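Q: For reference, the structure I am asking about is given below.
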Amino acid sequence: MTFPSPLLYIHILLLLHAPPFLAAAGGSWSLLLPSIGISAMHMQLLPTDRVVIYDRTDFGASNISLPDGKCRPNSTDCSAHSVEYNVASNSVRPLMVLTDVWCSSGTLMPDGSLVQTGGWNEGDHVVRVYKSCDHCDWEEIPSGLSQQRWYATNHILPDGRQIIVGGRQSFNYEFYPKMSATENAPSLPFLVQTTEPDIENNLYPFVFLNTDGNFFIYANNRAILFDYVRNQVVKTYPTIPGGDPRNYPSTGSAVLLPMRIVQGKVATVEVLICGGAPKAAYNNANRGKFDGALDSCGRIKISDPYPQWVMETMPLARVMGDMLLLPNGNVLIINGGAAGVAGWELGRDPVLSPLIYGPDCPIGSRFEIQNPNTIPRMYHSTAVLLRDGRVLVGGSNPHDKYEFSDVLYPTELSLEAFSPAYLDPTSSGLRPQLVSPKTRTKVHHGQRMNIWFKVSCPVDPNLVSITMVAPPFNTHSFSMNQRLLILEGGNTTTIIGKSHYKVSVTAPSSGNIAPAGNYILFVVHQDIPSEGVWVRIQ
């Protein structure tokens, strides 16, 4: 008599006792380009549906040449360290950066240009501007910053400028553009308090604009609410339970959860922080011992008078992961490793399966494991949401130069797309198609908007929402300026013809809720989003 393998019994037991978040898998992967010539360390989607991507300039030549035999000034390097990816044509165009943009930061400005700040060496005080067109290239402002900015975080302000917070040995903040030539960089003692000798653990702080106009700033294992106008700490939040660090190099990630607007206001503002590394992980990794990444997430209502952390457990521990807001309000957690920390050669065990986190699901059943890819995306990986709902994924270079062989995780020059389950063809009957407004529509704060859309299957008006997503600047596992708004009026859907519907919504009421600038607007029906259209809030 033949008995089944013991492995079969083990597999059955695992299935029977698996927690709810292990039950489902979805999403699909596609390789877009095997090489874009550079490793995608930084990414920003632009309102032209192109993605500006750049790496660094201090390691030698990349794998893509500058056009027309050009070389960087005062250099024998004739390769590009930045490219523009055209989503529609699935092609790249090389760009020229003049100074080193390594580990820098940036913000998509209201006029649709990317204003990028800082970097390394001769680039640490530089401001660079990229305006997307068929022949555009980077413009550089050599002394645009008053302080060096390396591993800093940027955020758009309600007045259309941006704030630049922190950076290595920069315990202060400044603004760009400057209001005057004498504008200084006020000190921020919180950054001194959260830095650890020889480790730091507070670089690329998590910065979010609260709806009261103040900034939530999280560094290392704790956070403040900060009035940048008066240079005052408004509130000090509790230390995250466990006290483990979540910022570079013990890199976790964070998002401002979707904000629902009711009667012109947002009642609850929440932040979610996931992953990172234990306190001793950086020193241990430098000694060749790679501690397991954190599997915990902390969620906090930053708008509460007496906020407290609520802790949750991910099904997969992760360091150097990216957290992205999807059009339907779910959170995608993607990229990274299961051991070690960020830095040269300091990460191990790629986590190939993304997670979907459903903020509105009951606690304990919010995570869903997605189908894995095959390409490790370790240190210096990136991911951004595209207007069609896919997620562009690139980068991974844990080496101080490009290394393609005889290393654990070779330098990765490819671009992939992850398609969440809502893009599955079986959902096509539920997927809305936006008819109006057309892309690049301009709206004002508080303006009433009529949204027309088509759906081939019957529509449940109670399951329609209109969302707006601010496209973030992504690097080092943090998406700066990321924001998703659920507009007021989404439950007013009416039928206006066969398979045609109209819904009236109100644009966000103020720049504290939605800073002026470019957003992607989606119609979401039964958690299935339409392709988005660009709108500009003025």
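Residues in the structure tokens are named by chain (A, B, ... in the order shown) and by number from 1 within that chain; ligands are numbered from 1 in the order shown.
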So that I can check the secondary structure, give me every residue of range 328-462 of chain A assigned strand (DSSP E or B) by backbone DSSP, as number ranges by chain.
A: A: 331-334, 337-340, 347-350, 355-357, 367-369, 381-385, 391-395, 415-419, 433-436, 441-443, 448-454
Q: Give me, as a PDB file with all heavy atoms, in the first residue's frame, all polymer residues having an atom no more than 7 Å from Met311 in chain A, counting only C-alpha atoms and skipping those fewer than 5 positions away in the same chain.
A:
```pdb
ATOM      1  N   SER A 296       6.140  44.013  11.587  1.00  0.00           N
ATOM      2  CA  SER A 296       5.079  44.792  12.224  1.00  0.00           C
ATOM      3  C   SER A 296       4.769  46.066  11.452  1.00  0.00           C
ATOM      4  O   SER A 296       5.618  46.626  10.760  1.00  0.00           O
ATOM      5  CB  SER A 296       5.470  45.141  13.664  1.00  0.00           C
ATOM      6  OG  SER A 296       6.653  45.913  13.682  1.00  0.00           O
ATOM      7  N   CYS A 297       3.538  46.507  11.605  1.00  0.00           N
ATOM      8  CA  CYS A 297       3.079  47.802  11.112  1.00  0.00           C
ATOM      9  C   CYS A 297       2.458  48.558  12.276  1.00  0.00           C
ATOM     10  O   CYS A 297       1.802  47.963  13.131  1.00  0.00           O
ATOM     11  CB  CYS A 297       2.010  47.646  10.027  1.00  0.00           C
ATOM     12  SG  CYS A 297       2.557  46.882   8.501  1.00  0.00           S
ATOM     13  N   GLY A 298       2.663  49.862  12.280  1.00  0.00           N
ATOM     14  CA  GLY A 298       2.013  50.709  13.260  1.00  0.00           C
ATOM     15  C   GLY A 298       1.066  51.673  12.560  1.00  0.00           C
ATOM     16  O   GLY A 298       1.432  52.296  11.563  1.00  0.00           O
ATOM     17  N   ARG A 299      -0.151  51.781  13.074  1.00  0.00           N
ATOM     18  CA  ARG A 299      -1.156  52.671  12.491  1.00  0.00           C
ATOM     19  C   ARG A 299      -1.615  53.635  13.577  1.00  0.00           C
ATOM     20  O   ARG A 299      -1.901  53.224  14.713  1.00  0.00           O
ATOM     21  CB  ARG A 299      -2.325  51.839  11.963  1.00  0.00           C
ATOM     22  CG  ARG A 299      -3.448  52.629  11.320  1.00  0.00           C
ATOM     23  CD  ARG A 299      -4.357  51.673  10.550  1.00  0.00           C
ATOM     24  NE  ARG A 299      -5.613  52.305  10.156  1.00  0.00           N
ATOM     25  CZ  ARG A 299      -6.514  51.755   9.331  1.00  0.00           C
ATOM     26  NH1 ARG A 299      -6.276  50.563   8.798  1.00  0.00           N
ATOM     27  NH2 ARG A 299      -7.621  52.389   9.016  1.00  0.00           N
TER      28      ARG A 299
END
```
Q: Fewer than 6 positions away in the same chain doesn't count, so skip those; otherwise give me all residues within 12 Å of Asp198 in chain A, counting only C-alpha atoms, as a JSON list (two decimals) with all heavy atoms, in the first residue's frame.
A:
```
[["chain", "number", "residue", "atom", "x", "y", "z"],
["A", 168, "ARG", "N", 21.61, 64.11, 5.82],
["A", 168, "ARG", "CA", 22.76, 63.73, 6.65],
["A", 168, "ARG", "C", 23.45, 64.96, 7.23],
["A", 168, "ARG", "O", 23.86, 65.86, 6.49],
["A", 168, "ARG", "CB", 23.73, 62.88, 5.84],
["A", 168, "ARG", "CG", 24.99, 62.45, 6.58],
["A", 168, "ARG", "CD", 25.62, 61.25, 5.92],
["A", 168, "ARG", "NE", 24.86, 60.03, 6.19],
["A", 168, "ARG", "CZ", 25.01, 58.88, 5.52],
["A", 168, "ARG", "NH1", 25.87, 58.82, 4.51],
["A", 168, "ARG", "NH2", 24.31, 57.83, 5.84],
["A", 169, "GLN", "N", 23.55, 65.01, 8.54],
["A", 169, "GLN", "CA", 24.18, 66.12, 9.27],
["A", 169, "GLN", "C", 23.50, 67.46, 8.97],
["A", 169, "GLN", "O", 24.13, 68.51, 9.11],
["A", 169, "GLN", "CB", 25.68, 66.19, 8.96],
["A", 169, "GLN", "CG", 26.46, 64.97, 9.40],
["A", 169, "GLN", "CD", 26.35, 64.72, 10.91],
["A", 169, "GLN", "OE1", 26.57, 65.63, 11.71],
["A", 169, "GLN", "NE2", 25.99, 63.50, 11.29],
["A", 249, "PRO", "N", 19.19, 53.81, 7.98],
["A", 249, "PRO", "CA", 19.29, 52.62, 7.11],
["A", 249, "PRO", "C", 18.44, 51.43, 7.53],
["A", 249, "PRO", "O", 18.46, 50.41, 6.85],
["A", 249, "PRO", "CB", 20.78, 52.27, 7.22],
["A", 249, "PRO", "CG", 21.14, 52.67, 8.62],
["A", 249, "PRO", "CD", 20.35, 53.93, 8.90],
["A", 282, "TYR", "N", 21.76, 47.18, 11.92],
["A", 282, "TYR", "CA", 22.78, 47.84, 11.10],
["A", 282, "TYR", "C", 24.18, 47.40, 11.52],
["A", 282, "TYR", "O", 25.00, 47.00, 10.66],
["A", 282, "TYR", "CB", 22.64, 49.35, 11.20],
["A", 282, "TYR", "CG", 23.67, 50.10, 10.38],
["A", 282, "TYR", "CD1", 23.54, 50.22, 9.00],
["A", 282, "TYR", "CD2", 24.79, 50.66, 10.98],
["A", 282, "TYR", "CE1", 24.48, 50.90, 8.24],
["A", 282, "TYR", "CE2", 25.75, 51.34, 10.24],
["A", 282, "TYR", "CZ", 25.58, 51.46, 8.87],
["A", 282, "TYR", "OH", 26.54, 52.11, 8.12],
["A", 283, "ASN", "N", 24.47, 47.45, 12.80],
["A", 283, "ASN", "CA", 25.80, 47.03, 13.26],
["A", 283, "ASN", "C", 26.03, 45.56, 12.99],
["A", 283, "ASN", "O", 27.13, 45.14, 12.58],
["A", 283, "ASN", "CB", 25.96, 47.33, 14.75],
["A", 283, "ASN", "CG", 26.15, 48.81, 15.03],
["A", 283, "ASN", "OD1", 26.62, 49.55, 14.16],
["A", 283, "ASN", "ND2", 25.78, 49.24, 16.22],
["A", 286, "ASN", "N", 26.88, 44.90, 9.29],
["A", 286, "ASN", "CA", 28.25, 45.26, 8.97],
["A", 286, "ASN", "C", 29.26, 44.23, 9.49],
["A", 286, "ASN", "O", 30.41, 44.23, 9.06],
["A", 286, "ASN", "CB", 28.57, 46.65, 9.52],
["A", 286, "ASN", "CG", 28.09, 47.76, 8.59],
["A", 286, "ASN", "OD1", 28.70, 48.04, 7.57],
["A", 286, "ASN", "ND2", 26.96, 48.37, 8.94]]
```
Q: What's the separation between CA of Arg230 in chain A and CA of Phe215 in chain A, in Å to one decimal place?
A: 12.0 Å
Q: Can I get the residues of range 445-494 of chain A within 12 Å of range 396-403 of chain A, each with the closest pair of atoms and their distance in Å to one decimal, using only C-alpha atoms, sorted chain first then ascending number, as a tab-separated table?
A:
```
residue	atom	partner	partner_atom	distance
A:Thr475	CA	A:Ser396	CA	11.1
A:His476	CA	A:Ser396	CA	10.3
A:Ser477	CA	A:Ser396	CA	11.4
```
Q: Which residues come within 6 Å of Ala516 in chain A, counting only C-alpha atoms, excluding same-chain residues fewer than 3 positions away, as number ranges by chain?
A: A: 110, 537-538
Q: Could you write out the selected residues, including C-alpha atoms, as a short mmCIF file (atom, residue, chain, number, x, y, z; two decimals), in the first residue's frame?
A:
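Final output, saved to out-v5.cif:
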```
data_model
loop_
_atom_site.label_atom_id
_atom_site.label_comp_id
_atom_site.auth_asym_id
_atom_site.auth_seq_id
_atom_site.Cartn_x
_atom_site.Cartn_y
_atom_site.Cartn_z
CA PRO A 110 2.06 72.80 -9.47
CA ILE A 537 -6.10 71.93 -8.66
CA GLN A 538 -5.46 75.67 -8.66
#
```
Q: Have a look at A:Leu66, A:Met96, A:Thr382, A:Gly446 and name the one nearest to Ser510 in chain A; count only C-alpha atoms.
A: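 That would be A:Gly446, the residue with the smallest distance to Ser510 in chain A.
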Q: Near Gln116 in chain A, within 10 Å and counting only C-alpha atoms, which residues show up once chain neighbours fewer than 3 positions away are dropped, as a VMD selection string?
A: chain A and resid 101 104 to 109 113 119 126 to 130 138 140 154 473
Q: Excluding Ala267 in chain A and any residue of its chain fewer than 6 positions from it, enumerate the residues within 8 Å of it, using only C-alpha atoms, and give them as a list in words.
A: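 Residues near the query, excluding close chain neighbours: Arg260, Ile261 and Ser303 of chain A.
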Q: Selection from above, N, CA and C atoms, as a PDB file, in the first residue's frame, can you write it?
A:
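Ended up saving to again-v4.pdb:
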```pdb
ATOM      1  N   ARG A 260     -11.012  60.682   3.537  1.00  0.00           N
ATOM      2  CA  ARG A 260     -12.392  60.845   3.051  1.00  0.00           C
ATOM      3  C   ARG A 260     -12.897  62.236   3.422  1.00  0.00           C
ATOM      4  N   ILE A 261     -13.335  62.965   2.418  1.00  0.00           N
ATOM      5  CA  ILE A 261     -13.819  64.328   2.637  1.00  0.00           C
ATOM      6  C   ILE A 261     -15.340  64.305   2.824  1.00  0.00           C
ATOM      7  N   SER A 303      -4.763  62.751  13.846  1.00  0.00           N
ATOM      8  CA  SER A 303      -5.706  63.841  14.102  1.00  0.00           C
ATOM      9  C   SER A 303      -6.379  63.717  15.458  1.00  0.00           C
TER      10      SER A 303
END
```
Q: Which residue out of A:Thr313, A:Ser253, A:Ser509, A:Ser414 has the minimum interatomic distance to Ile333 in chain A when only C-alpha atoms are used?
A: A:Ser253
Q: From the options A:Asn231, A:Ser79, A:Gln148, A:Ser170, which residue's atoms come nearest to Asp55 in chain A, counting only C-alpha atoms?
A: A:Ser79
Q: Of the residues A:Leu95, A:Val533, A:Val384, A:Ile496, which is the one nearest to Lys438 in chain A, using only C-alpha atoms?
A: A:Val533
Q: Please provide as a VMD selection string all residues within 8 Å of Asn335 in chain A, with the sequence filter that same-chain residues fewer than 3 positions apart are discarded (counting only C-alpha atoms).
A: chain A and resid 320 to 322 350 to 352 354 376 to 378 381 to 382
